[in-house]
Each structure stands twice: as C-alpha cells, then as structure tokens.
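Note: the block below is query_19.tsv and it holds TSV, C-alpha atoms and all ligand atoms.
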```tsv
chain	number	residue	atom	x	y	z
A	1	MET	CA	11.58	-22.36	1.96
A	2	ARG	CA	8.65	-21.60	-0.29
A	3	VAL	CA	6.53	-18.45	-0.08
A	4	GLY	CA	3.25	-18.34	-1.97
A	5	VAL	CA	1.97	-14.92	-2.97
A	6	ILE	CA	-1.67	-14.51	-3.91
A	7	GLY	CA	-1.97	-11.86	-6.61
A	8	GLY	CA	0.28	-11.18	-9.58
A	9	GLY	CA	0.68	-7.41	-9.42
A	10	GLN	CA	3.81	-5.30	-9.15
A	11	LEU	CA	4.15	-5.95	-5.42
A	12	ALA	CA	4.51	-9.69	-6.05
A	13	ARG	CA	6.87	-8.88	-8.93
A	14	MET	CA	9.14	-6.82	-6.69
A	15	MET	CA	9.41	-9.69	-4.18
A	16	VAL	CA	11.22	-11.72	-6.84
A	17	PRO	CA	14.73	-10.14	-6.65
A	18	PRO	CA	15.12	-10.51	-2.86
A	19	ALA	CA	13.67	-14.03	-3.05
A	20	ILE	CA	16.36	-14.93	-5.57
A	21	GLU	CA	19.06	-13.32	-3.45
A	22	LEU	CA	18.01	-15.14	-0.31
A	23	GLY	CA	17.41	-18.41	-2.12
A	24	ILE	CA	13.74	-18.44	-1.18
A	25	GLU	CA	11.42	-20.09	-3.65
A	26	LEU	CA	8.64	-17.68	-4.59
A	27	ARG	CA	5.42	-18.88	-6.13
A	28	VAL	CA	2.68	-16.57	-7.31
A	29	LEU	CA	-1.00	-17.25	-7.91
A	30	ALA	CA	-1.72	-14.68	-10.63
A	31	GLU	CA	-5.13	-13.60	-11.91
A	32	ILE	CA	-4.13	-13.66	-15.58
A	33	GLU	CA	-1.44	-14.91	-17.91
A	34	GLY	CA	1.08	-12.17	-18.53
A	35	SER	CA	0.61	-10.52	-15.14
A	36	SER	CA	3.14	-8.11	-13.70
A	37	ALA	CA	4.58	-11.00	-11.66
A	38	ALA	CA	4.45	-13.47	-14.58
A	39	ILE	CA	8.15	-14.24	-14.13
A	40	ALA	CA	7.26	-16.01	-10.88
A	41	ALA	CA	3.65	-16.93	-11.63
A	42	THR	CA	3.53	-20.66	-11.11
A	43	ALA	CA	-0.23	-20.72	-11.16
A	44	VAL	CA	-2.97	-18.71	-12.79
A	45	GLY	CA	-6.41	-18.81	-11.22
A	46	ASP	CA	-9.18	-17.09	-9.34
A	47	TYR	CA	-8.21	-16.06	-5.80
A	48	ARG	CA	-11.92	-16.10	-4.88
A	49	ASP	CA	-12.13	-19.83	-5.55
A	50	ALA	CA	-11.26	-21.88	-2.47
A	51	ALA	CA	-10.22	-25.02	-4.36
A	52	THR	CA	-7.83	-23.04	-6.57
A	53	VAL	CA	-6.26	-21.26	-3.61
A	54	LEU	CA	-6.01	-24.45	-1.52
A	55	ALA	CA	-4.26	-26.32	-4.32
A	56	PHE	CA	-1.79	-23.44	-4.64
A	57	ALA	CA	-1.26	-23.23	-0.87
A	58	ARG	CA	-0.46	-26.93	-0.50
A	59	GLU	CA	2.75	-26.39	-2.47
A	60	VAL	CA	4.19	-23.66	-0.21
A	61	ASP	CA	5.26	-23.15	3.42
A	62	VAL	CA	3.45	-19.86	3.97
A	63	VAL	CA	0.86	-17.85	2.07
A	64	THR	CA	1.02	-14.07	1.78
A	65	PHE	CA	-0.53	-11.44	-0.46
A	66	ASP	CA	-0.06	-8.87	-3.20
A	67	HIS	CA	-3.48	-7.38	-2.36
A	68	GLU	CA	-6.07	-7.63	0.41
A	69	HIS	CA	-9.03	-8.94	-1.58
A	70	VAL	CA	-8.99	-12.68	-0.84
A	71	PRO	CA	-12.46	-13.39	0.61
A	72	GLN	CA	-12.69	-14.39	4.27
A	73	PRO	CA	-14.34	-17.78	3.53
A	74	VAL	CA	-11.34	-18.69	1.35
A	75	LEU	CA	-8.93	-17.60	4.10
A	76	ALA	CA	-10.90	-19.68	6.60
A	77	GLU	CA	-10.43	-22.77	4.44
A	78	LEU	CA	-6.69	-22.16	4.33
A	79	ILE	CA	-6.56	-21.92	8.12
A	80	ALA	CA	-8.67	-25.06	8.47
A	81	ALA	CA	-6.21	-26.86	6.18
A	82	GLY	CA	-3.34	-25.82	8.47
A	83	VAL	CA	-1.73	-23.37	6.05
A	84	PRO	CA	0.20	-20.50	7.69
A	85	VAL	CA	-1.49	-17.34	6.35
A	86	ARG	CA	0.42	-14.12	6.98
A	87	PRO	CA	-1.00	-11.65	7.67
A	88	GLY	CA	-3.82	-13.70	9.17
A	89	PRO	CA	-7.52	-13.42	8.33
A	90	GLU	CA	-8.43	-11.21	11.30
A	91	ALA	CA	-5.75	-8.68	10.49
A	92	LEU	CA	-6.64	-8.76	6.79
A	93	ALA	CA	-10.30	-8.18	7.60
A	94	VAL	CA	-9.30	-4.77	8.94
A	95	ALA	CA	-7.56	-3.88	5.68
A	96	GLN	CA	-10.49	-5.17	3.60
A	97	ASP	CA	-13.12	-2.82	4.94
A	98	LYS	CA	-12.57	0.86	5.74
A	99	LEU	CA	-15.45	0.97	8.22
A	100	HIS	CA	-14.08	-2.00	10.13
A	101	MET	CA	-10.66	-0.29	9.96
A	102	ARG	CA	-12.02	2.88	11.55
A	103	GLU	CA	-13.73	0.84	14.27
A	104	ARG	CA	-10.59	-1.10	15.14
A	105	LEU	CA	-8.30	1.94	15.03
A	106	THR	CA	-10.69	3.83	17.29
A	107	ALA	CA	-10.81	0.88	19.70
A	108	LEU	CA	-7.00	0.79	19.76
A	109	GLY	CA	-6.94	4.48	20.68
A	110	ALA	CA	-5.16	5.51	17.47
A	111	PRO	CA	-5.74	9.14	16.43
A	112	VAL	CA	-8.20	9.18	13.50
A	113	PRO	CA	-10.34	11.82	11.78
A	114	ALA	CA	-13.90	12.15	13.07
A	115	TRP	CA	-15.93	9.48	11.26
A	116	ALA	CA	-19.31	7.79	11.10
A	117	ALA	CA	-21.09	4.94	9.35
A	118	VAL	CA	-23.96	6.44	7.35
A	119	HIS	CA	-26.85	4.53	5.77
A	120	ASP	CA	-28.63	7.27	3.84
A	121	ALA	CA	-28.56	10.89	2.77
A	122	SER	CA	-30.12	12.15	5.97
A	123	GLU	CA	-27.47	10.51	8.16
A	124	LEU	CA	-24.82	11.92	5.82
A	125	GLY	CA	-26.41	15.36	6.05
A	126	ALA	CA	-26.36	15.21	9.84
A	127	PHE	CA	-22.65	14.37	9.85
A	128	LEU	CA	-21.85	17.19	7.42
A	129	ALA	CA	-23.83	19.67	9.50
A	130	ALA	CA	-21.82	18.68	12.58
A	131	HIS	CA	-18.46	18.92	10.78
A	132	GLY	CA	-18.37	22.25	8.99
A	133	GLY	CA	-20.51	21.28	6.02
A	134	ALA	CA	-17.93	19.09	4.27
A	135	GLY	CA	-16.79	15.50	4.52
A	136	VAL	CA	-15.04	12.69	2.68
A	137	VAL	CA	-17.27	9.74	1.79
A	138	LYS	CA	-15.59	6.38	1.19
A	139	THR	CA	-16.89	3.06	-0.05
A	140	PRO	CA	-15.81	0.58	2.64
A	141	ARG	CA	-14.67	-2.02	0.13
A	142	GLY	CA	-12.95	-2.18	-3.21
A	143	GLY	CA	-11.47	1.32	-3.36
A	144	TYR	CA	-7.93	2.03	-4.54
A	145	ASP	CA	-5.94	4.95	-5.95
A	146	GLY	CA	-8.65	7.38	-4.88
A	147	LYS	CA	-11.50	5.41	-6.47
A	148	GLY	CA	-14.28	5.12	-3.92
A	149	VAL	CA	-13.20	8.36	-2.20
A	150	ARG	CA	-15.20	11.57	-2.70
A	151	VAL	CA	-15.36	14.98	-1.06
A	152	VAL	CA	-19.02	15.89	-0.44
A	153	ARG	CA	-20.58	19.19	0.59
A	154	ALA	CA	-24.26	18.25	0.39
A	155	ALA	CA	-26.41	15.49	1.87
A	156	ASP	CA	-27.24	14.14	-1.60
A	157	GLY	CA	-23.56	13.99	-2.63
A	158	ALA	CA	-23.32	10.20	-2.31
A	159	ASP	CA	-26.80	9.20	-3.53
A	160	ASP	CA	-25.38	7.09	-6.36
A	161	TRP	CA	-23.26	5.11	-3.90
A	162	PHE	CA	-26.16	4.65	-1.47
A	163	ALA	CA	-28.20	3.31	-4.40
A	164	SER	CA	-25.66	0.57	-5.12
A	165	ILE	CA	-24.50	0.03	-1.58
A	166	ASP	CA	-24.35	-3.78	-1.61
A	167	GLU	CA	-21.55	-3.68	-4.17
A	168	HIS	CA	-19.10	-1.89	-1.94
A	169	ALA	CA	-20.28	-2.19	1.63
A	170	SER	CA	-20.75	-5.11	3.95
A	171	GLY	CA	-23.06	-3.62	6.58
A	172	GLY	CA	-25.11	-1.48	4.18
A	173	ALA	CA	-23.28	1.69	5.18
A	174	LEU	CA	-20.76	4.10	3.75
A	175	LEU	CA	-17.91	5.65	5.72
A	176	VAL	CA	-17.88	9.42	6.11
A	177	GLU	CA	-14.98	11.32	7.63
A	178	GLU	CA	-14.31	14.94	8.43
A	179	LEU	CA	-12.44	16.71	5.62
A	180	VAL	CA	-9.01	16.97	7.25
A	181	GLY	CA	-7.18	20.21	6.52
A	182	PHE	CA	-3.84	18.48	6.64
A	183	ARG	CA	-0.43	20.12	6.17
A	184	ARG	CA	0.83	17.12	4.25
A	185	GLU	CA	0.56	13.35	3.98
A	186	LEU	CA	3.06	10.95	5.52
A	187	ALA	CA	3.47	7.20	5.73
A	188	GLN	CA	5.04	4.99	8.35
A	189	LEU	CA	5.95	1.47	7.33
A	190	VAL	CA	6.92	-1.28	9.75
A	191	ALA	CA	7.38	-5.02	9.42
A	192	ARG	CA	6.44	-7.51	12.11
A	193	ARG	CA	7.27	-11.16	12.67
A	194	PRO	CA	4.52	-13.53	13.84
A	195	PHE	CA	5.59	-13.40	17.47
A	196	GLY	CA	6.37	-9.77	17.85
A	197	ASP	CA	9.69	-8.42	16.51
A	198	VAL	CA	9.05	-5.12	14.70
A	199	ALA	CA	11.38	-3.10	12.45
A	200	ALA	CA	10.48	0.42	11.31
A	201	TRP	CA	11.66	2.40	8.30
A	202	PRO	CA	11.91	6.17	8.69
A	203	LEU	CA	8.72	8.18	8.34
A	204	VAL	CA	8.26	9.36	4.73
A	205	GLU	CA	6.37	12.18	3.04
A	206	THR	CA	3.92	11.20	0.31
A	207	ILE	CA	2.56	13.56	-2.30
A	208	GLN	CA	-0.74	12.57	-3.90
A	209	ARG	CA	-2.08	13.87	-7.18
A	210	ASP	CA	-5.76	13.25	-8.02
A	211	GLY	CA	-5.94	10.84	-5.07
A	212	VAL	CA	-2.98	8.79	-6.33
A	213	CYS	CA	0.49	8.62	-4.82
A	214	ALA	CA	2.81	10.57	-7.13
A	215	GLU	CA	6.01	11.07	-5.16
A	216	VAL	CA	7.62	9.88	-1.92
A	217	VAL	CA	10.49	11.52	-0.03
A	218	ALA	CA	12.41	9.50	2.55
A	219	PRO	CA	12.88	10.51	5.26
A	220	ALA	CA	10.05	13.06	5.53
A	221	PRO	CA	11.76	16.49	5.45
A	222	GLY	CA	11.57	18.49	8.66
A	223	ALA	CA	9.72	15.74	10.50
A	224	ASP	CA	12.29	14.83	13.14
A	225	GLY	CA	9.80	15.73	15.87
A	226	LEU	CA	7.23	13.26	14.46
A	227	MET	CA	9.47	10.25	13.84
A	228	ASP	CA	9.19	8.68	17.27
A	229	ASP	CA	5.43	9.21	17.48
A	230	ALA	CA	4.90	7.70	14.03
A	231	ARG	CA	7.05	4.68	14.77
A	232	GLU	CA	5.34	4.03	18.09
A	233	LEU	CA	1.91	4.48	16.54
A	234	ALA	CA	2.59	2.04	13.68
A	235	THR	CA	4.21	-0.45	16.04
A	236	SER	CA	1.23	-0.36	18.37
A	237	ILE	CA	-1.18	-0.83	15.46
A	238	ALA	CA	0.85	-3.75	14.06
A	239	THR	CA	0.91	-5.36	17.48
A	240	GLY	CA	-2.70	-4.53	18.35
A	241	LEU	CA	-4.00	-6.00	15.09
A	242	ASP	CA	-1.49	-8.90	15.10
A	243	VAL	CA	-0.17	-8.00	11.65
A	244	THR	CA	2.55	-10.19	10.14
A	245	GLY	CA	4.66	-8.81	7.31
A	246	VAL	CA	4.72	-5.19	6.19
A	247	LEU	CA	2.15	-2.77	7.61
A	248	ALA	CA	1.81	0.62	5.92
A	249	VAL	CA	0.15	3.35	7.97
A	250	GLU	CA	-0.95	6.28	5.79
A	251	LEU	CA	-0.98	9.43	7.91
A	252	PHE	CA	-2.06	13.05	7.82
A	253	GLU	CA	0.04	15.71	9.49
A	254	ALA	CA	-2.85	17.74	10.85
A	255	ALA	CA	-2.99	21.53	11.00
A	256	ASP	CA	-2.01	21.38	14.70
A	257	GLY	CA	1.06	19.30	13.84
A	258	GLY	CA	-0.33	16.03	15.23
A	259	LEU	CA	-0.71	12.76	13.37
A	260	LEU	CA	-4.00	11.22	12.21
A	261	VAL	CA	-4.26	7.77	10.67
A	262	ASN	CA	-5.80	7.77	7.18
A	263	GLU	CA	-5.67	4.10	6.26
A	264	LEU	CA	-3.72	0.86	6.60
A	265	ALA	CA	-2.33	-1.62	4.11
A	266	MET	CA	-0.98	-5.01	5.17
A	267	ARG	CA	1.54	-5.70	2.45
A	268	PRO	CA	4.38	-3.84	0.79
A	269	HIS	CA	3.15	-0.40	-0.20
A	270	ASN	CA	3.82	2.23	-2.85
A	271	THR	CA	5.25	4.54	-0.17
A	272	GLY	CA	7.95	1.95	0.59
A	273	HIS	CA	9.34	1.47	-2.93
A	274	TRP	CA	12.18	3.90	-2.17
A	275	SER	CA	13.56	1.27	0.25
A	276	ILE	CA	14.72	-0.96	-2.64
A	277	GLU	CA	17.71	1.31	-3.18
A	278	GLY	CA	17.34	3.64	-0.21
A	279	ALA	CA	17.40	1.26	2.77
A	280	VAL	CA	19.68	-1.52	3.96
A	281	THR	CA	16.67	-3.86	3.83
A	282	SER	CA	13.89	-3.19	1.33
A	283	GLN	CA	10.23	-3.62	2.17
A	284	PHE	CA	10.04	-6.58	-0.22
A	285	GLU	CA	12.91	-8.45	1.41
A	286	GLN	CA	11.60	-7.57	4.86
A	287	HIS	CA	8.12	-8.84	3.99
A	288	LEU	CA	9.57	-12.21	2.95
A	289	ARG	CA	11.65	-12.41	6.12
A	290	ALA	CA	8.70	-11.48	8.30
A	291	VAL	CA	6.20	-13.93	6.84
A	292	LEU	CA	8.80	-16.71	7.06
A	293	ASP	CA	9.45	-15.75	10.69
A	294	LEU	CA	13.11	-15.07	9.94
A	295	PRO	CA	15.15	-12.39	11.74
A	296	LEU	CA	14.35	-8.98	10.30
A	297	GLY	CA	16.93	-6.92	8.41
A	298	ASP	CA	18.17	-3.44	9.21
A	299	PRO	CA	15.66	-0.86	7.88
A	300	SER	CA	18.09	2.08	8.15
A	301	PRO	CA	18.46	4.40	5.16
A	302	ARG	CA	21.56	4.00	3.01
A	303	ALA	CA	21.44	7.58	1.72
A	304	ALA	CA	20.60	10.92	3.26
A	305	TRP	CA	17.65	11.25	0.87
A	306	SER	CA	15.65	8.98	-1.40
A	307	VAL	CA	13.02	10.30	-3.79
A	308	MET	CA	10.64	7.91	-5.53
A	309	VAL	CA	8.45	9.13	-8.39
A	310	ASN	CA	5.68	6.97	-9.85
A	311	VAL	CA	5.39	6.55	-13.59
A	312	LEU	CA	1.70	6.96	-14.33
A	313	GLY	CA	0.04	6.40	-17.66
A	314	GLY	CA	2.04	7.49	-20.66
A	315	PRO	CA	1.26	6.79	-24.29
A	316	ALA	CA	-1.21	3.91	-24.63
A	317	GLY	CA	0.30	0.63	-25.77
A	318	GLU	CA	3.87	1.52	-24.77
A	319	THR	CA	5.84	0.01	-21.94
A	320	MET	CA	8.57	1.77	-19.98
A	321	PRO	CA	11.46	0.03	-21.75
A	322	ASP	CA	10.30	1.58	-25.04
A	323	ARG	CA	11.66	4.87	-23.72
A	324	TYR	CA	14.83	3.56	-22.05
A	325	PRO	CA	17.35	4.80	-24.65
A	326	GLY	CA	16.62	8.44	-23.85
A	327	ALA	CA	15.79	8.10	-20.16
A	328	LEU	CA	18.72	5.94	-19.15
A	329	ALA	CA	21.18	8.12	-21.08
A	330	HIS	CA	19.89	11.25	-19.39
A	331	GLU	CA	19.75	9.89	-15.81
A	332	PRO	CA	22.48	7.29	-15.28
A	333	GLY	CA	22.26	7.67	-11.49
A	334	VAL	CA	18.52	6.98	-11.28
A	335	LYS	CA	17.14	3.48	-10.78
A	336	PHE	CA	14.27	2.47	-13.06
A	337	HIS	CA	11.55	-0.04	-12.26
A	338	SER	CA	9.07	-1.19	-14.88
A	339	TYR	CA	6.13	-3.32	-13.83
A	340	GLY	CA	5.87	-4.99	-17.23
A	341	LYS	CA	2.53	-3.33	-17.90
A	342	GLU	CA	1.31	-1.53	-20.97
A	343	SER	CA	0.60	2.14	-20.43
A	344	ARG	CA	-2.93	3.43	-19.90
A	345	PRO	CA	-3.89	6.88	-18.68
A	346	GLY	CA	-3.49	7.01	-14.91
A	347	ARG	CA	-2.16	3.46	-14.58
A	348	LYS	CA	0.90	2.89	-12.40
A	349	VAL	CA	3.33	1.25	-14.83
A	350	GLY	CA	6.55	1.72	-12.89
A	351	HIS	CA	8.58	4.02	-10.68
A	352	VAL	CA	12.01	5.59	-10.46
A	353	THR	CA	14.20	6.30	-7.44
A	354	ALA	CA	17.06	8.75	-6.97
A	355	THR	CA	19.18	8.85	-3.83
A	356	GLY	CA	21.83	11.30	-2.64
A	357	ASP	CA	23.07	13.83	-0.13
A	358	ASP	CA	21.08	16.71	-1.55
A	359	LEU	CA	17.29	16.54	-1.52
A	360	ASP	CA	16.66	19.07	-4.29
A	361	ASP	CA	19.12	17.31	-6.58
A	362	ALA	CA	17.65	13.86	-5.92
A	363	ARG	CA	14.14	15.18	-6.45
A	364	SER	CA	14.93	16.89	-9.73
A	365	ARG	CA	16.74	13.84	-11.09
A	366	ALA	CA	13.86	11.54	-10.15
A	367	ARG	CA	11.28	13.89	-11.68
A	368	ALA	CA	13.32	14.28	-14.87
A	369	ALA	CA	13.67	10.51	-15.17
A	370	ALA	CA	9.94	9.88	-14.67
A	371	GLY	CA	9.16	12.65	-17.16
A	372	PHE	CA	10.63	10.59	-20.00
A	373	PHE	CA	7.72	8.16	-19.80
A	374	GLN	CA	4.92	10.69	-19.69
A	375	ASN	CA	3.63	11.73	-23.11
B	401	LIG	N1	-10.65	12.48	5.67
B	401	LIG	C1	-9.92	13.01	4.69
B	401	LIG	N2	-9.66	14.34	4.65
B	401	LIG	C2	-8.94	14.88	3.65
B	401	LIG	N3	-8.43	14.18	2.62
B	401	LIG	C3	-8.62	12.85	2.60
B	401	LIG	C4	-9.38	12.19	3.63
B	401	LIG	N4	-9.40	10.88	3.34
B	401	LIG	C5	-8.72	10.71	2.20
B	401	LIG	N5	-8.25	11.89	1.73
B	401	LIG	C6	-7.44	12.09	0.51
B	401	LIG	O1	-7.78	11.10	-0.45
B	401	LIG	C7	-6.67	10.23	-0.69
B	401	LIG	C8	-7.17	8.81	-0.92
B	401	LIG	O2	-7.87	8.34	0.23
B	401	LIG	P1	-7.67	6.84	0.75
B	401	LIG	O3	-6.24	6.67	1.10
B	401	LIG	O4	-8.65	6.57	1.81
B	401	LIG	O5	-8.11	6.07	-0.55
B	401	LIG	P2	-7.56	4.85	-1.39
B	401	LIG	O6	-8.14	4.99	-2.73
B	401	LIG	O7	-7.80	3.62	-0.63
B	401	LIG	O8	-6.04	5.15	-1.41
B	401	LIG	P3	-4.82	4.41	-2.06
B	401	LIG	O9	-4.42	5.29	-3.21
B	401	LIG	O10	-3.84	4.47	-0.94
B	401	LIG	O11	-5.25	3.05	-2.45
B	401	LIG	C9	-5.78	10.40	0.52
B	401	LIG	O12	-4.44	10.05	0.24
B	401	LIG	C10	-5.97	11.89	0.81
B	401	LIG	O13	-5.21	12.66	-0.08
B	402	MG	MG	-4.68	5.60	0.57
```
Structure re-expressed in structure tokens:
Amino acid sequence: MRVGVIGGGQLARMMVPPAIELGIELRVLAEIEGSSAAIAATAVGDYRDAATVLAFAREVDVVTFDHEHVPQPVLAELIAAGVPVRPGPEALAVAQDKLHMRERLTALGAPVPAWAAVHDASELGAFLAAHGGAGVVKTPRGGYDGKGVRVVRAADGADDWFASIDEHASGGALLVEELVGFRRELAQLVARRPFGDVAAWPLVETIQRDGVCAEVVAPAPGADGLMDDARELATSIATGLDVTGVLAVELFEAADGGLLVNELAMRPHNTGHWSIEGAVTSQFEQHLRAVLDLPLGDPSPRAAWSVMVNVLGGPAGETMPDRYPGALAHEPGVKFHSYGKESRPGRKVGHVTATGDDLDDARSRARAAAGFFQN
C-alpha cells in the first residue's frame, strides 16, 4: 500500500512514524530539498505543475495532502487519470477558499458568524454599520496563521487588500464576518472513510496568540455539555462535504454558549497534535487509514488530560535539538517533536505534549518544556 502526500511540511513528516508502524509505504512530493518531510520525500517538485504531480501520483495507490493549495486544474487531471484523490477536489475546493467555505457551511445549515462577500469599501462599510461597527476581514485564499485576517472598524480598513484583490480572491471579493465576542476557541477533529465511517476525537480547547495556535488542551475543560453537539456538527460537515481523511472544524464558543464554525481544514491539523501521545489512534495514523479506506482506529484519549504547546520562533538559525540537553533533562515526562526546521521569529518549528491526570501539572510541564526553545 502506497500513500502519496503532496507537500513536504510537518504534517507530512508526522505521517511517517505511523506509516512505518503499519507497514504503509509513504511517498512525499516536497516543494524543496531539505523539507520538513525530507526523510520521506521521494520527489521534489512544483505541486502546481500537472505533469510533475501526475508522475508522482502514478507511483502510489492514493494521493493525499499536507496542505490545501494544489490547484483545481491539477486535481482534475489526477481524477481524469484515475488516481484516487482523498479528500477529493470538491471537498478541497471548500478548504481552498474562505468565501466558498462560508457559502457551503451556510447551505449545510451549520452555525456560522454573520458574513458577507464585499467588493469595495462601501460594501464593507455597510456590513460594519449593520454589525456594531466592527468586523473581521479575510482574504479568501492563501491565508494561514492569522495572515490574511484583520479586524476592521472603518470602511477603508481593507483598502490595500481591495487594491490587490486578484492575488487572494477568486470572485473579486473579500470575506467579512461579524467580530465574534467568543468565550474561547475550540476544535473538533473527525476522520472519515470514503464511504462514510466517521471517528471523532474529543472536543479540544485551542488558545491562539497573535492569530496563531499556541496551546491545545484535550479534552476541552468544562465542555461536557458541548461534546455531543460538536461531534454531530463535525460529522455532518464531513458527510455533507464528502470529506475523506481528517477534517478539523475550528469553532468559537459564543457568548451565549453555542458553537459557531470558524473555519475548516481537510488534513491533520495543529489542534490534533496532542493525539500522537494522547489518543489510542493519532490523527496522522487515522488520516492514513481513512484515505486508504481501512477500518478506523479508536480515537479515545489515553490520558485524562493532554496539553500540547507549540514551539514558535526561537533564536534564528537554531533548531530544537540544539536545546535538547537542558530541555530533556528538565522535562523527562514531556514528549518533544521537532519539525527539522531552522528557527525564525513566529515560525512553528515543533511542539511538545504532556499528558497526565492533573491538568494544571500537565500544562505547566508542557509550558516549561516549550520555554526552553524560546529565546
Ligand atoms: N469572525 C471572527 N471573530 C472574532 N475572531 C476571529 C474571527 N475570525 C477569526 N478570528 C480570530 O482570528 C484567528 C485566525 O482566523 P482564521 O482561523 O480564519 O485564520 P487562518 O489564518 O486561516 O488560521 P490558521 O491559523 O488556522 O491557519 C482565529 O483563530 C480567531 O482567533
Ligand atoms: Mg484558523
């Protein structure tokens, strides 16, 4: 069984250990030599080039992804060549464009913030006036880690993005949403096989700093009353959009206690990294099982609490292992994951996970461990 992953980032890298365990051959089409997934990178090439992607796909049984940026015309060529692509092009299209995502979620009846497609400052101004004078403007395409997301309080607040709209929007519009006064952010991850089986991990709490995921607590503390709703919501989205593999549903817990969908990702997700140590079946193993249409594993937690803390930035030019002597000595119970990347301010270079019976203890150990890699 051969799985081909397009994209050589840390998500592809973290599929390697379960692939080895299960005896699945993993091949990666990486963007560059020396990518995060270089250990499994059997090809290096441009994922926007159909011939490159087709040649890679011919050597595997199923194609899946480390990111959602493979252009639709390239995906169409894969389908025409008879390659199983999971998730499929229609599902991926929803993850590729935040406006399309809002349209589809609304059509599915999923709870979402008030939103609109706006083409110019006056349309933006009208939306702001109708929603308390503030909103969140998003570029439909190409955003990540909070880039392409901006809180605006004036009609001219997105003029620079309107001026360069073709770079980040398909229909010549930006997405604007109400500024949600959420209590906290949550994420529900599920995995789905091609013909329907779905497995759900527990709902988790995610803490963002500067628009970037900083910390994840599994399960979400004090959220027992939301677990069933979140699982049913994510399952209905996965089914409604015909997602194969892992689907991450980023959620807001609104001021009234209800759930609102922020955005979707159709691949393993930062908010599921805790599952490597914290669940019977990790998101990376489950993704491989799902895209190969194998029976799904048990997603139950293996510990009362898991806390994952991202390692962001750190001294330029260093890698995480440079600091292992101190960090590993101090936190022998914490699990360390380096993505094989050199540090740069704000860059996700790895993460750490602590598990245990006591949430405060797990959280302080994980934070202490991550602290060793920050300046
Ligand atoms: N409508 C909103 N109201 C309030 N805050 C929001 C809203 N939309 C986004 N945010 C905040 O901005 C963060 C980033 O937004 P979003 O998830 O859309 O962007 P992204 O850059 O694609 O994210 P990611 O880091 O997941 O790639 C959210 O996690 C949330 O903290
Ligand atoms: Mg997000």
| query | Please, which residues have at least one atom within 9 Å of an atom of ligand LIG 401 (chain B), using only C-alpha atoms and all ligand atoms, listed as an MDAnalysis selection string? | reply | chainID A and resid 98 112:115 135:138 141:151 176:182 184:185 206:213 250:252 262:265 269:270
| Hey, can you pull every residue with an atom no more than 7 Å from (11.4, 9.7, -6.4), using all atoms listed in the file, and send it as an NGL selection string? | :A and (215-217 or 306-309 or 352-354 or 363 or 366-367)
| message | So that I can check the surroundings of Phe284 in chain A, please list as number ranges by chain every protein, DNA and RNA residue that reaches within 10 Å of it, counting all atoms listed in the file and ignoring chain neighbours fewer than 3 positions away. | response | A: 11-19, 245-246, 267-269, 272-273, 275-276, 281, 287-290
Extract, using all atoms listed in the file, all DNA, RNA and protein residues at most 10 Å from Gly82 in chain A, discarding same-chain residues fewer than 5 positions from it, and format them as a JSON list (two decimals) with C-alpha atoms, in the coordinates of the input.
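See result_32.json below for the written result:
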```json
[["chain", "number", "residue", "atom", "x", "y", "z"],
["A", 57, "ALA", "CA", -1.26, -23.23, -0.87],
["A", 58, "ARG", "CA", -0.46, -26.93, -0.50],
["A", 76, "ALA", "CA", -10.90, -19.68, 6.60],
["A", 77, "GLU", "CA", -10.43, -22.77, 4.44]]
```
| said: Report, in Å with one decimal, the straight-line distance from CA of Ala51 in chain A to CA of Gln10 in chain A. | reply: 24.7 Å
Specify the axis-aligned box that encloses all atoms of range 220-232 of chain A listed in the file after padding of 4 Å on each side, stating its centre and edge lengths in Å to one decimal as JSON.
```
{"center_x": 8.6, "center_y": 11.3, "center_z": 11.8, "size_x": 15.4, "size_y": 22.5, "size_z": 20.6}
```
| task | Within 7 Å of Trp201 in chain A, counting only C-alpha atoms, which residues show up once you throw out same-chain ones fewer than 4 positions away? Write them as a PyMOL selection string, please. | result | chain A and resi 189-190+299-300
